[in-house]
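Taking it in order: structure first as structure tokens, then the write-up.
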There are 2 protein chains.
Amino acid sequence: MELTKSNHLDDAVCPVARTADIISGKWTLLIIRDLAAGVKRFNQLERSLNGISPKTLSERLRSLEEEGIITRRTFAEVPPRVEYSLTEKGLDLVYVIESMRSYGKRWLCNQ
Amino acid sequence: MELTKSNHLDDAVCPVARTADIISGKWTLLIIRDLAAGVKRFNQLERSLNGISPKTLSERLRSLEEEGIITRRTFAEVPPRVEYSLTEKGLDLVYVIESMRSYGKRWLCNQ
């Protein structure tokens with residue numbers, strides 16, 4: 001077992017640090033968890049993320065969309081329907097989060 | 001693919017957030033990377049982590065030892081020899097870091 005040894009320290013740190021950045025943030029994690037189970041509407045996310053304000057949820061969804069982790073589809077219905085789902089980049093992140101979760105449960109959070 | 005759904009939001013967040021906490025920090029990551037390749041002495045780490053001060057290296061090593069991620073063995077020789085290695089908790093962390101690294105390289109750092 002050996003972590004990749006890089007000539008440049010930054011090359012060794014950047015990918016891990018940037019991934020940690022994206023994952024840090026309680027609501028972000030929970031939104032990704034919810035969408036990992038399938039496509040969701042705004043209201044479904046709001047109900048599932050007990051305690052989140054609509055403003056915060058909108059902001060987090062927008063930032064995840066800008067980051068390319070989720071996609072937003074609107075349907076021209078009455079009332080308009082908006083659905084969110086994970087992109088391939090978002091789905092890949094689920095594996096990372098799960099590996100962190102299983103480490104944390106085993107070693108850090110005594111569950 | 002489904003992230004574990006927990007009744008308590010904190011249960012869903014804690015293990016991931018605490019793992020992210022441990023991993024955040026450039027030198028911590030690099031120390032774990034170096035020790036993943038095998039037992040190292042203080043001087044070897046200092047040389048490998050180009051640019052780290054002895055004071056910072058000592059602090060990081062002490063904090064990783066307190067966290068149970070590395071162990072420190074001293075040998076009663078002249079001059080005294082001190083060796084550092086990963087514990088089981090530290091070795092497990094290597095897998096998490098590698099999964100973050102490979103995600104970051106694919107999606108975030110364009111390498």
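By order in the structure tokens, chains are A, B, ...; within a chain, residues start at 1; ligands start at 1, following the order shown.
For chain A, the residues no farther than 6 Å from chain B when using only C-alpha atoms are Glu2, Leu3, Pro15, Val16, Thr19, Ala20, Arg33, Ala36, Ala37, Val96, Ser99, Met100, Arg101, Gly104, Lys105 and Cys109 of chain A.
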Subject >> Neighbour list for stretch 53-61 of chain A as a list in words, cut-off 9 Å, only C-alpha atoms, skip fewer than 4 positions in-chain >> reply: Trp27, Thr28, Ile31, Phe42, Leu45, Glu46, Leu49, Glu65, Glu66, Ile70, Arg72 and Tyr84 of chain A
**OP:** Write out as number ranges by chain all residues of chain B that backbone DSSP assigns to alpha helix (DSSP H).
**Re:** B: 9-23, 26-36, 42-48, 54-66, 88-107
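Taking atom CA of A:Leu86 and atom CA of A:Arg47 as the two end points, the separation is 18.5 Å.
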Original post:
Residues of stretch 34-102 of chain B in strand (DSSP E or B) according to DSSP, as a list in words?
Top reply: Lys40, Arg41, Ile70, Thr71, Arg72, Arg73, Thr74, Phe75, Arg81, Val82, Glu83, Tyr84, Ser85 and Leu86 of chain B
Please save C-alpha atoms of the selected residues as a PDB file, in the first residue's frame.
ATOM      1  CA  LYS B  40      10.330   6.436   8.796  1.00  0.00           C
ATOM      2  CA  ARG B  41      12.628   8.352  11.143  1.00  0.00           C
ATOM      3  CA  ILE B  70       0.643   6.910  13.906  1.00  0.00           C
ATOM      4  CA  THR B  71       2.851   5.285  16.516  1.00  0.00           C
ATOM      5  CA  ARG B  72       6.216   6.481  17.736  1.00  0.00           C
ATOM      6  CA  ARG B  73       8.875   3.978  18.772  1.00  0.00           C
ATOM      7  CA  THR B  74      12.037   5.035  20.498  1.00  0.00           C
ATOM      8  CA  PHE B  75      15.174   2.897  20.589  1.00  0.00           C
ATOM      9  CA  ARG B  81      16.566   6.508  17.300  1.00  0.00           C
ATOM     10  CA  VAL B  82      12.883   7.408  16.898  1.00  0.00           C
ATOM     11  CA  GLU B  83      10.698   5.761  14.284  1.00  0.00           C
ATOM     12  CA  TYR B  84       7.195   6.552  13.126  1.00  0.00           C
ATOM     13  CA  SER B  85       4.704   4.234  11.470  1.00  0.00           C
ATOM     14  CA  LEU B  86       1.009   4.059  10.683  1.00  0.00           C
TER      15      LEU B  86
END
